[in-house]
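**Student:** This one is input.txt, compact mmCIF, C-alpha atoms.
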# COMPACT_ATOMS: atom_id res chain seq x y z
CA MET A 1 45.89 30.45 9.13
CA LYS A 2 49.57 31.19 9.28
CA LEU A 3 51.66 28.20 10.23
CA ALA A 4 53.63 30.41 12.64
CA GLN A 5 50.48 30.56 14.82
CA HIS A 6 49.88 26.80 14.72
CA ARG A 7 49.83 25.39 18.23
CA HIS A 8 51.90 22.40 17.09
CA LEU A 9 54.52 24.47 15.24
CA ASP A 10 57.36 22.94 17.27
CA ALA A 11 56.17 19.41 16.59
CA LEU A 12 55.64 20.11 12.88
CA THR A 13 59.11 21.66 12.60
CA GLY A 14 60.59 18.63 14.35
CA GLU A 15 58.78 16.25 12.03
CA TYR A 16 59.88 18.22 8.99
CA MET A 17 63.48 17.93 10.13
CA LEU A 18 63.05 14.29 10.98
CA GLY A 19 61.49 13.57 7.58
CA THR A 20 58.19 12.13 8.77
CA LEU A 21 56.20 15.13 7.50
CA ARG A 22 55.05 14.00 4.05
CA GLY A 23 53.02 14.97 1.00
CA GLY A 24 50.76 18.03 1.26
CA ALA A 25 51.77 18.73 4.85
CA ARG A 26 55.41 18.96 3.85
CA ARG A 27 54.64 21.21 0.89
CA ARG A 28 52.62 23.52 3.16
CA PHE A 29 55.50 23.62 5.59
CA GLU A 30 57.99 24.45 2.80
CA ARG A 31 55.73 27.24 1.56
CA ALA A 32 55.60 28.63 5.10
CA LEU A 33 59.41 28.44 5.26
CA ARG A 34 59.56 30.81 2.30
CA GLU A 35 56.80 33.13 3.44
CA GLU A 36 56.91 33.18 7.25
CA PRO A 37 60.17 34.25 8.90
CA THR A 38 59.07 32.80 12.28
CA VAL A 39 58.84 29.31 10.79
CA ALA A 40 62.21 29.66 9.05
CA LEU A 41 63.77 30.85 12.31
CA ARG A 42 62.27 27.93 14.25
CA LEU A 43 63.71 25.43 11.76
CA ARG A 44 67.08 27.18 11.78
CA ASN A 45 67.31 26.88 15.56
CA LEU A 46 66.21 23.28 15.52
CA GLN A 47 68.71 22.40 12.78
CA ARG A 48 71.45 24.10 14.77
CA ASP A 49 70.70 22.22 17.99
CA PHE A 50 69.39 18.89 16.76
CA THR A 51 71.32 17.96 13.64
CA PRO A 52 73.77 15.22 14.49
CA ARG A 53 77.00 15.30 12.50
CA TYR A 54 77.11 12.46 10.01
CA SER A 55 80.26 10.44 10.33
CA GLN A 56 82.66 10.19 7.39
CA ARG A 57 82.35 6.43 7.86
CA ILE A 58 79.16 6.51 5.80
CA ALA A 59 80.73 8.51 2.93
CA ALA A 60 80.68 6.88 -0.50
CA THR A 61 82.56 7.69 -3.70
CA PRO A 62 80.36 9.71 -6.08
CA PRO A 63 80.11 8.55 -9.71
CA PRO A 64 83.10 9.78 -11.74
CA ALA A 65 80.87 11.58 -14.26
CA GLY A 66 78.67 13.17 -11.58
CA TRP A 67 80.19 16.64 -11.67
CA LYS A 68 80.39 16.70 -15.50
CA ARG A 69 76.69 15.87 -15.68
CA LEU A 70 75.83 18.72 -13.31
CA GLU A 71 78.03 21.11 -15.29
CA ARG A 72 76.26 20.10 -18.49
CA GLU A 73 72.68 20.10 -17.24
CA LEU A 74 72.96 23.32 -15.23
CA LYS A 75 74.91 24.97 -18.08
CA LEU A 76 77.50 26.09 -15.56
CA SER A 77 79.92 27.11 -18.30
CA GLN A 78 77.81 30.18 -19.00
CA HIS A 79 78.69 31.43 -15.53
CA ARG A 80 82.40 31.23 -16.24
CA ALA A 81 84.02 33.91 -18.37
CA PRO A 82 85.38 32.08 -21.46
CA TRP A 83 88.89 32.90 -22.65
CA TYR A 84 87.70 34.68 -25.81
CA SER A 85 85.50 36.99 -23.78
CA ARG A 86 88.54 37.86 -21.74
CA VAL A 87 90.36 38.77 -24.98
CA VAL A 88 87.40 40.91 -26.03
CA PHE A 89 87.35 42.35 -22.53
CA LEU A 90 91.07 43.15 -22.68
CA ARG A 91 90.67 44.87 -26.04
CA ALA A 92 87.73 46.86 -24.73
CA TRP A 93 89.70 47.62 -21.61
CA ALA A 94 92.73 48.80 -23.61
CA LEU A 95 90.49 50.95 -25.77
CA GLY A 96 88.75 52.29 -22.69
CA VAL A 97 92.03 53.05 -20.95
CA THR A 98 93.32 54.89 -24.02
CA ALA A 99 90.10 56.86 -24.30
CA ALA A 100 90.14 57.63 -20.59
CA PHE A 101 93.77 58.70 -20.82
CA VAL A 102 93.09 61.06 -23.71
CA PHE A 103 89.97 62.33 -21.96
CA GLY A 104 91.90 62.71 -18.71
CA ILE A 105 94.66 64.72 -20.37
CA ALA A 106 92.03 66.96 -21.93
CA LEU A 107 90.27 67.32 -18.61
CA LEU A 108 93.52 68.13 -16.81
CA ALA A 109 94.30 70.74 -19.38
CA LEU A 110 90.92 72.29 -18.79
CA ARG A 111 90.79 72.10 -15.02
CA ALA A 112 93.71 70.86 -12.98
CA THR A 113 91.80 71.04 -9.75
CA THR A 114 90.47 67.79 -8.23
CA ASP A 115 92.58 64.64 -8.17
CA THR A 116 90.52 61.44 -8.07
CA THR A 117 93.28 58.96 -8.90
CA LEU A 118 92.48 55.58 -7.37
CA THR A 119 95.30 53.53 -5.91
CA PRO A 120 94.80 49.85 -5.07
CA ILE A 121 95.18 49.45 -1.31
CA ALA A 122 93.93 45.90 -0.67
CA GLN A 123 93.11 42.62 -2.35
CA LEU A 124 90.09 40.89 -0.80
CA ALA A 125 89.77 37.14 -0.98
CA LEU A 126 87.74 34.22 0.24
CA LYS A 127 89.80 32.35 2.84
CA GLY A 128 92.29 30.14 1.04
CA ALA A 129 91.27 31.35 -2.43
CA PRO A 130 92.99 33.78 -4.81
CA PRO A 131 91.95 37.46 -4.50
CA SER A 132 88.72 38.26 -6.30
CA VAL A 133 88.03 41.86 -5.30
CA THR A 134 90.36 44.86 -5.49
CA ALA A 135 89.83 47.85 -3.21
CA ALA A 136 91.21 51.14 -4.53
CA LEU A 137 91.24 54.44 -2.65
CA SER A 138 91.21 57.95 -4.10
CA SER A 139 94.15 60.19 -3.28
CA ASP A 140 91.95 62.37 -1.06
CA GLY A 141 90.92 59.23 0.89
CA ALA A 142 87.21 59.94 0.46
CA THR A 143 86.27 57.51 -2.32
CA LEU A 144 86.71 53.76 -2.27
CA GLU A 145 86.17 51.58 -5.26
CA LEU A 146 85.53 47.82 -4.99
CA ARG A 147 86.15 46.03 -8.23
CA ALA A 148 85.19 42.36 -8.48
CA GLU A 149 86.20 39.93 -11.19
CA ARG A 150 82.50 39.16 -11.42
CA PRO A 151 79.89 41.32 -9.68
CA ILE A 152 78.71 39.51 -6.54
CA VAL A 153 75.05 40.32 -5.98
CA ALA A 154 73.32 39.88 -2.60
CA GLY A 155 70.21 37.68 -2.45
CA PRO A 156 66.79 39.22 -1.76
CA LEU A 157 66.94 38.75 2.01
CA ARG A 158 70.46 39.94 2.67
CA SER A 159 73.00 42.68 2.16
CA TYR A 160 76.75 42.80 2.18
CA GLU A 161 78.45 45.09 4.66
CA LEU A 162 81.95 46.49 4.31
CA TRP A 163 83.96 46.89 7.52
CA LEU A 164 87.16 48.67 8.38
CA ILE A 165 89.04 46.86 11.15
CA PRO A 166 91.73 49.22 12.51
CA GLU A 167 94.78 47.57 14.02
CA GLY A 168 93.72 46.44 17.50
CA GLY A 169 90.30 48.07 17.11
CA ALA A 170 86.69 47.00 16.65
CA PRO A 171 85.11 46.78 13.17
CA ILE A 172 83.66 50.03 11.84
CA SER A 173 80.95 49.88 9.21
CA LEU A 174 81.91 51.69 6.01
CA ALA A 175 78.97 50.80 3.79
CA VAL A 176 76.04 48.45 3.20
CA LEU A 177 76.10 47.08 -0.32
CA GLY A 178 73.65 45.33 -2.60
CA GLN A 179 76.49 44.06 -4.71
CA ILE A 180 80.23 43.86 -4.41
CA ASP A 181 81.24 45.99 -7.34
CA ALA A 182 80.77 49.58 -6.36
CA THR A 183 82.24 53.01 -5.82
CA LEU A 184 81.41 54.49 -2.45
CA ARG A 185 82.06 57.56 -0.32
CA ILE A 186 83.99 56.94 2.88
CA PRO A 187 82.16 58.44 5.91
CA ALA A 188 83.89 61.72 6.83
CA ALA A 189 84.89 60.39 10.28
CA GLN A 190 86.75 57.49 8.70
CA VAL A 191 88.64 59.38 6.00
CA GLY A 192 92.33 58.88 6.63
CA ARG A 193 91.84 55.70 8.68
CA LEU A 194 92.27 53.28 5.77
CA ARG A 195 95.94 52.88 6.57
CA PRO A 196 98.43 50.00 6.36
CA GLY A 197 97.93 47.62 9.26
CA ALA A 198 94.15 47.90 9.11
CA GLN A 199 91.93 45.30 7.41
CA LEU A 200 88.92 45.44 5.16
CA ALA A 201 86.29 42.73 5.47
CA ILE A 202 82.90 42.04 3.91
CA THR A 203 80.22 40.12 5.82
CA VAL A 204 76.79 38.84 4.87
CA GLU A 205 74.09 40.61 6.88
CA PRO A 206 70.30 40.81 6.96
CA VAL A 207 68.89 43.14 4.34
CA GLY A 208 69.73 46.75 5.22
CA GLY A 209 72.86 45.85 7.14
CA SER A 210 73.84 44.56 10.56
CA PRO A 211 71.08 45.06 13.15
CA THR A 212 73.64 45.41 15.96
CA GLY A 213 76.17 47.83 14.53
CA GLY A 214 78.82 45.10 14.53
CA PRO A 215 79.30 42.18 12.14
CA THR A 216 76.74 39.39 12.72
CA GLY A 217 77.14 37.25 9.62
CA PRO A 218 80.07 35.31 8.25
CA VAL A 219 83.05 37.05 6.65
CA ILE A 220 83.08 36.18 2.96
CA LEU A 221 85.97 38.39 1.86
CA SER A 222 88.82 40.03 3.69
CA GLY A 223 92.23 41.54 3.07
CA ALA A 224 94.88 43.68 4.72
CA ILE A 225 95.50 47.26 3.64
CA SER A 226 99.02 47.63 2.32
CA MET B 1 83.89 15.86 9.62
CA LEU B 2 82.93 18.70 7.32
CA ASP B 3 84.11 22.18 8.29
CA GLU B 4 80.86 24.11 8.81
CA GLN B 5 82.48 27.52 8.29
CA GLU B 6 84.11 26.46 5.05
CA ILE B 7 80.87 24.92 3.77
CA LYS B 8 79.01 28.11 4.69
CA ARG B 9 81.49 30.26 2.73
CA LEU B 10 81.23 27.96 -0.28
CA LEU B 11 77.43 28.01 -0.13
CA LEU B 12 77.34 31.82 0.01
CA ALA B 13 79.76 32.03 -2.91
CA THR B 14 77.59 29.51 -4.79
CA ALA B 15 74.61 31.79 -4.18
CA ALA B 16 76.68 34.51 -5.88
CA ARG B 17 76.97 32.17 -8.92
CA ASP B 18 80.62 31.31 -8.31
CA VAL B 19 81.04 28.05 -10.22
CA ASP B 20 84.45 27.30 -8.74
CA ALA B 21 82.99 27.51 -5.23
CA PHE B 22 80.12 25.23 -6.28
CA ALA B 23 82.65 22.74 -7.68
CA ARG B 24 84.54 22.80 -4.36
CA LEU B 25 81.26 22.40 -2.46
CA TYR B 26 80.50 19.31 -4.57
CA LYS B 27 83.97 17.88 -4.02
CA ARG B 28 83.78 18.39 -0.26
CA CYS B 29 80.20 17.30 0.36
CA ALA B 30 79.18 14.83 -2.36
CA PRO B 31 80.77 11.74 -0.70
CA LEU B 32 79.00 12.28 2.62
CA LEU B 33 75.69 13.31 1.03
CA LEU B 34 75.80 10.24 -1.20
CA GLY B 35 76.25 8.17 1.96
CA VAL B 36 73.20 9.85 3.51
CA ALA B 37 71.15 9.14 0.36
CA GLN B 38 72.27 5.51 0.37
CA ARG B 39 71.10 5.02 3.96
CA ILE B 40 67.61 5.95 2.81
CA THR B 41 67.39 4.48 -0.70
CA ARG B 42 69.51 1.39 -0.01
CA ARG B 43 70.19 1.31 -3.74
CA ARG B 44 73.29 2.83 -5.25
CA GLU B 45 71.67 3.91 -8.55
CA LEU B 46 68.81 5.67 -6.74
CA ALA B 47 71.24 7.33 -4.32
CA GLU B 48 73.24 8.69 -7.28
CA GLU B 49 70.05 10.17 -8.76
CA VAL B 50 69.22 11.71 -5.39
CA LEU B 51 72.71 13.23 -5.21
CA HIS B 52 72.38 14.72 -8.70
CA ASP B 53 68.90 16.12 -8.06
CA SER B 54 70.01 17.51 -4.71
CA PHE B 55 72.99 19.39 -6.14
CA THR B 56 70.72 20.76 -8.87
CA ARG B 57 68.49 22.11 -6.13
CA ILE B 58 71.44 23.36 -4.09
CA TRP B 59 72.65 25.40 -7.09
CA ARG B 60 69.19 26.84 -7.69
CA ALA B 61 68.24 27.47 -4.07
CA ALA B 62 71.61 28.51 -2.62
CA ASP B 63 70.40 32.10 -2.32
CA THR B 64 67.67 30.98 0.08
CA PHE B 65 70.24 29.58 2.52
CA ASP B 66 70.14 31.69 5.66
CA PRO B 67 73.72 32.81 6.44
CA LEU B 68 73.01 32.43 10.16
CA GLY B 69 71.81 28.84 9.70
CA ALA B 70 73.58 25.47 9.82
CA PRO B 71 74.98 24.77 6.32
CA VAL B 72 75.48 21.01 6.64
CA GLY B 73 72.02 20.64 8.20
CA TRP B 74 70.59 22.61 5.28
CA LEU B 75 72.34 20.37 2.74
CA THR B 76 71.37 17.11 4.44
CA THR B 77 67.72 18.21 4.72
CA ILE B 78 67.66 18.70 0.93
CA VAL B 79 69.21 15.27 0.34
CA ARG B 80 66.99 13.46 2.84
CA ASN B 81 63.80 15.03 1.51
CA ARG B 82 64.79 14.24 -2.07
CA ALA B 83 65.65 10.64 -1.12
CA ILE B 84 62.27 10.24 0.59
CA ASP B 85 60.49 11.64 -2.50
CA VAL B 86 62.41 9.32 -4.82
CA MET B 87 61.52 6.31 -2.68
CA GLU B 88 57.87 7.30 -2.72
CA THR B 89 57.76 7.64 -6.49
CA HIS B 90 59.60 4.36 -7.10
CA ASP B 91 57.40 1.37 -6.71
CA VAL B 92 59.54 -0.40 -4.17
CA SER B 93 58.26 -1.94 -1.02
CA ARG B 94 60.04 0.16 1.59
CA VAL B 95 59.38 -1.99 4.59
CA ASP B 96 60.06 -5.38 3.00
CA SER B 97 63.41 -4.19 1.76
CA TYR B 98 64.17 -2.82 5.21
CA HIS B 99 63.35 -5.87 7.24
CA ALA B 100 66.55 -7.52 6.19
CA ALA B 101 68.62 -4.39 6.39
CA LEU B 102 67.51 -2.81 9.63
CA ASP B 103 69.44 -3.44 12.72
CA ASP B 104 67.44 -5.00 15.55
CA LYS B 105 68.87 -2.32 17.78
CA PRO B 106 68.95 0.71 15.51
CA GLU B 107 70.01 2.96 18.34
CA ALA B 108 73.34 1.10 18.36
CA SER B 109 73.98 2.42 14.86
CA LEU B 110 73.89 5.97 16.22
CA ASP B 111 77.56 5.74 17.04
CA GLN B 112 78.37 4.20 13.69
CA MET B 113 76.59 6.80 11.66
CA PHE B 114 77.30 10.01 13.55
CA ASP B 115 80.28 11.75 15.12
CA TRP B 116 79.56 12.95 18.63
CA GLY B 117 83.03 13.94 19.72
CA SER B 118 84.93 17.19 19.49
CA THR B 119 87.59 17.66 16.83
CA THR B 120 88.18 21.36 17.37
CA GLU B 121 88.56 23.48 20.43
CA ALA B 122 87.83 27.08 19.60
CA GLY B 123 84.81 29.34 20.00
CA ASP B 124 81.67 28.25 18.19
CA ALA B 125 83.10 24.79 17.55
CA LEU B 126 83.30 24.17 21.27
CA ASP B 127 79.64 25.12 21.72
CA GLU B 128 78.77 22.90 18.81
CA SER B 129 80.62 19.90 20.18
CA ARG B 130 78.96 20.47 23.56
CA LEU B 131 75.57 20.47 21.85
CA LEU B 132 76.43 17.19 20.14
CA THR B 133 77.37 15.69 23.49
CA PHE B 134 74.06 16.81 24.98
CA LEU B 135 72.16 15.48 21.99
CA ARG B 136 73.81 12.07 22.26
CA ARG B 137 73.17 11.94 26.01
CA CYS B 138 69.53 12.96 25.61
CA LEU B 139 68.94 10.38 22.89
CA GLY B 140 70.22 7.80 25.34
CA GLU B 141 67.76 8.99 27.97
CA LEU B 142 64.66 8.63 25.77
CA ALA B 143 62.32 5.69 26.25
CA ALA B 144 63.48 2.83 23.98
CA ASN B 145 60.43 2.95 21.68
CA GLU B 146 60.74 6.72 21.23
CA ARG B 147 64.46 6.46 20.48
CA GLN B 148 63.96 3.60 18.06
CA SER B 149 61.24 5.51 16.16
CA LEU B 150 63.34 8.66 15.88
CA VAL B 151 66.46 6.84 14.79
CA LEU B 152 64.64 4.75 12.18
CA ALA B 153 62.86 7.80 10.79
CA TYR B 154 66.03 9.90 10.67
CA GLU B 155 68.47 7.28 9.53
CA HIS B 156 66.34 5.47 6.96
CA GLY B 157 63.71 8.08 6.12
CA LEU B 158 60.83 5.85 7.22
CA SER B 159 57.38 7.44 7.28
CA HIS B 160 54.88 6.95 10.11
CA GLY B 161 53.25 4.22 8.03
CA ASP B 162 56.57 2.45 7.38
CA LEU B 163 57.41 2.68 11.07
CA ALA B 164 54.04 1.21 12.06
CA VAL B 165 54.57 -1.79 9.76
CA HIS B 166 58.18 -2.28 10.78
CA LEU B 167 57.51 -2.01 14.50
CA ALA B 168 54.18 -3.90 14.20
CA LYS B 169 52.34 -1.23 16.15
CA PRO B 170 49.22 0.83 15.36
CA LEU B 171 49.83 4.01 13.37
CA GLY B 172 48.55 6.23 16.20
CA THR B 173 50.98 4.67 18.67
CA VAL B 174 53.94 5.24 16.37
CA LYS B 175 52.90 8.84 15.72
CA THR B 176 52.75 9.45 19.46
CA TRP B 177 56.20 7.92 19.98
CA VAL B 178 57.70 10.14 17.27
CA ARG B 179 56.05 13.32 18.54
CA ARG B 180 56.74 12.60 22.19
CA GLY B 181 60.31 11.56 21.36
CA MET B 182 60.98 14.87 19.61
CA LEU B 183 59.47 16.90 22.45
CA ASN B 184 61.34 14.95 25.14
CA LEU B 185 64.57 15.28 23.18
CA ARG B 186 64.05 18.99 22.87
CA SER B 187 63.28 19.59 26.52
CA CYS B 188 66.27 17.45 27.57
CA VAL B 189 68.68 19.40 25.32
CA ASP B 190 67.16 22.70 26.48
CA ARG B 191 67.69 21.58 30.09
CA CYS B 192 71.32 20.63 29.40
CA THR B 193 72.14 23.86 27.58
CA GLY B 194 70.38 25.88 30.30
CA ALA B 195 72.31 24.07 33.01
CA ALA B 196 75.60 24.53 31.16
CA ARG B 197 75.21 28.31 30.85
Written as structure tokens, that's how I'd like the structure from this file.
**Tutor:**
Amino acid sequence: MKLAQHRHLDALTGEYMLGTLRGGARRRFERALREEPTVALRLRNLQRDFTPRYSQRIAATPPPAGWKRLERELKLSQHRAPWYSRVVFLRAWALGVTAAFVFGIALLALRATTDTTLTPIAQLALKGAPPSVTAALSSDGATLELRAERPIVAGPLRSYELWLIPEGGAPISLAVLGQIDATLRIPAAQVGRLRPGAQLAITVEPVGGSPTGGPTGPVILSGAIS
Amino acid sequence: MLDEQEIKRLLLATAARDVDAFARLYKRCAPLLLGVAQRITRRRELAEEVLHDSFTRIWRAADTFDPLGAPVGWLTTIVRNRAIDVMETHDVSRVDSYHAALDDKPEASLDQMFDWGSTTEAGDALDESRLLTFLRRCLGELAANERQSLVLAYEHGLSHGDLAVHLAKPLGTVKTWVRRGMLNLRSCVDRCTGAAR
């Protein structure tokens, strides 16, 4: 039987939060949390309403080597780009730029018709952190490129949604993204509206995008168009 | 008090494998989470192990955090569950070690251990501080034995069995207190939030 249909679901959720649910019962509950959205939702609501805020009075100083140990055991360094890879990247980038330039000249010589030059228009950043995503717009205003220092990939149960917030206006959805490192077409109705004074923002939404048409999740990146 | 919005952003960035965000999350939260672990383990070396194991889990499971959920609640649930597991696998007599440590009036420690007041004024934070006020008031309105059972279980991670030994009551009685306490707490908070709307 699904735990979501259990007549004591509320009590079980309360006991899980309280910590008195033990052993096999707790493991069953944790499995249901992964597999049954109703159970996860019930716990989320209970945690929101019934979690007291621990006072800083109980805080203790962590062991000095605590973070180093985590870094070592979780091999966190492999998630950082080492300096030598940046050198390799720069060389590859320089080579790529040269190749693209030569190719571009050749292409222009062949057909000087469409202009898809991308111009950076905004730097998106986590609040209080340095910019990590650059938004660049094509000269015809129809293509937007989001370039991240590292691709940011959405988890299995969520999507990222890109919003245009016109000056004094409500957010307008531009795209739902699986990862923040993409080139996308601007909806025809919004072409020309990515102007200075407006903002770009990315929120975390349920998979497939906001169910309401407006942002529902937290803003993880934002930046003004300049 | 931890800034819930900031912790949420750091958790989401951690889910995206941003090591710098994870480092900031550790810096912000480790002291408080270590304090939570110590309330349950009562032993510094075990609490440090709990903290390490918990952050390992946080790194691995960050992508299961629901962006609409309560980030600090999510983190403390991981720490409390890990602390309870560690205590169960270590051959230490939970109740004996608690007799000396437990306050005779554990409900009095509620105000020592938790913040119930408002520190911010805007939007969601106001709703949150109002909820905390309701929660504190409703805890105060519970029958003494229900309140004591809930506080002991939450603060020290005591199981039903531990509670029965500590309170010198039959297991069934303690289970009823815990269950009834949770239900009464819930209906009281629901009443308060309904009345406040």
**Student:** In terms of the shortest atom-to-atom distance over all atoms listed in the file, which of A:Ala189, A:Ala224, A:Ala142, A:Leu9 is closest to Leu41 (chain A)?
**Tutor:**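 Using all atoms listed in the file, Leu41 (chain A) sits closest to A:Leu9.
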**Student:** Could you tell me which residues of chain A sit within 6 Å of chain B when counting all atoms listed in the file, and give me the result as an MDAnalysis selection string?
**Tutor:** chainID A and resid 18 20 44 47:48 53:55 58:62 152 155
**Student:** To one decimal place in Å, what is the distance between CA of Val219 (chain A) and CA of Lys127 (chain A)?
**Tutor:**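 Between CA of Val219 (chain A) and CA of Lys127 (chain A) the gap is 9.1 Å.
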**Student:** So which one's closest to Leu184 (chain A), A:Pro130, A:Pro37, A:Gly141, A:Gly208? Using only C-alpha atoms, please.
**Tutor:**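 Closest residue, counting only C-alpha atoms: A:Gly141.
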**Student:** Between CA of Ile220 (chain A) and CA of Leu146 (chain A), what distance in Å does the model show, to one decimal?
**Tutor:**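 We find that CA of Ile220 (chain A) and CA of Leu146 (chain A) lie 14.3 Å from each other.
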**Student:** Distance CA of Gly217 (chain A)-CA of Gln199 (chain A), one decimal place?
**Tutor:**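 Going from CA of Gly217 (chain A) over to CA of Gln199 (chain A) covers 17.0 Å.
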**Student:** Which of these residues is nearest to His166 (chain B), using all atoms listed in the file: B:Arg43, B:Gln148, B:Leu75, B:Arg191?
**Tutor:**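 Looking at the shortest contact to His166 (chain B), the residue is B:Gln148.
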**Student:** I need every residue sitting at most 9 Å from the point (83.4, 49.1, 12.0) (coordinates as in the file, only C-alpha atoms considered), written as a PDB file with C-alpha atoms, in the frame of the given file.
**Tutor:**
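Output below, filename point.pdb:
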ATOM      1  CA  LEU A 162      81.950  46.490   4.310  1.00  0.00           C
ATOM      2  CA  TRP A 163      83.960  46.890   7.520  1.00  0.00           C
ATOM      3  CA  LEU A 164      87.160  48.670   8.380  1.00  0.00           C
ATOM      4  CA  ILE A 165      89.040  46.860  11.150  1.00  0.00           C
ATOM      5  CA  PRO A 166      91.730  49.220  12.510  1.00  0.00           C
ATOM      6  CA  GLY A 169      90.300  48.070  17.110  1.00  0.00           C
ATOM      7  CA  ALA A 170      86.690  47.000  16.650  1.00  0.00           C
ATOM      8  CA  PRO A 171      85.110  46.780  13.170  1.00  0.00           C
ATOM      9  CA  ILE A 172      83.660  50.030  11.840  1.00  0.00           C
ATOM     10  CA  SER A 173      80.950  49.880   9.210  1.00  0.00           C
ATOM     11  CA  LEU A 174      81.910  51.690   6.010  1.00  0.00           C
ATOM     12  CA  GLY A 213      76.170  47.830  14.530  1.00  0.00           C
ATOM     13  CA  GLY A 214      78.820  45.100  14.530  1.00  0.00           C
ATOM     14  CA  PRO A 215      79.300  42.180  12.140  1.00  0.00           C
TER      15      PRO A 215
END
**Student:** Of the candidates B:Val174, B:Leu25, B:Ala164, B:Leu46, which one gets nearest to Val86 (chain B) if we count only C-alpha atoms?
**Tutor:**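 Among B:Val174, B:Leu25, B:Ala164, B:Leu46, it is B:Leu46 that comes nearest to Val86 (chain B).
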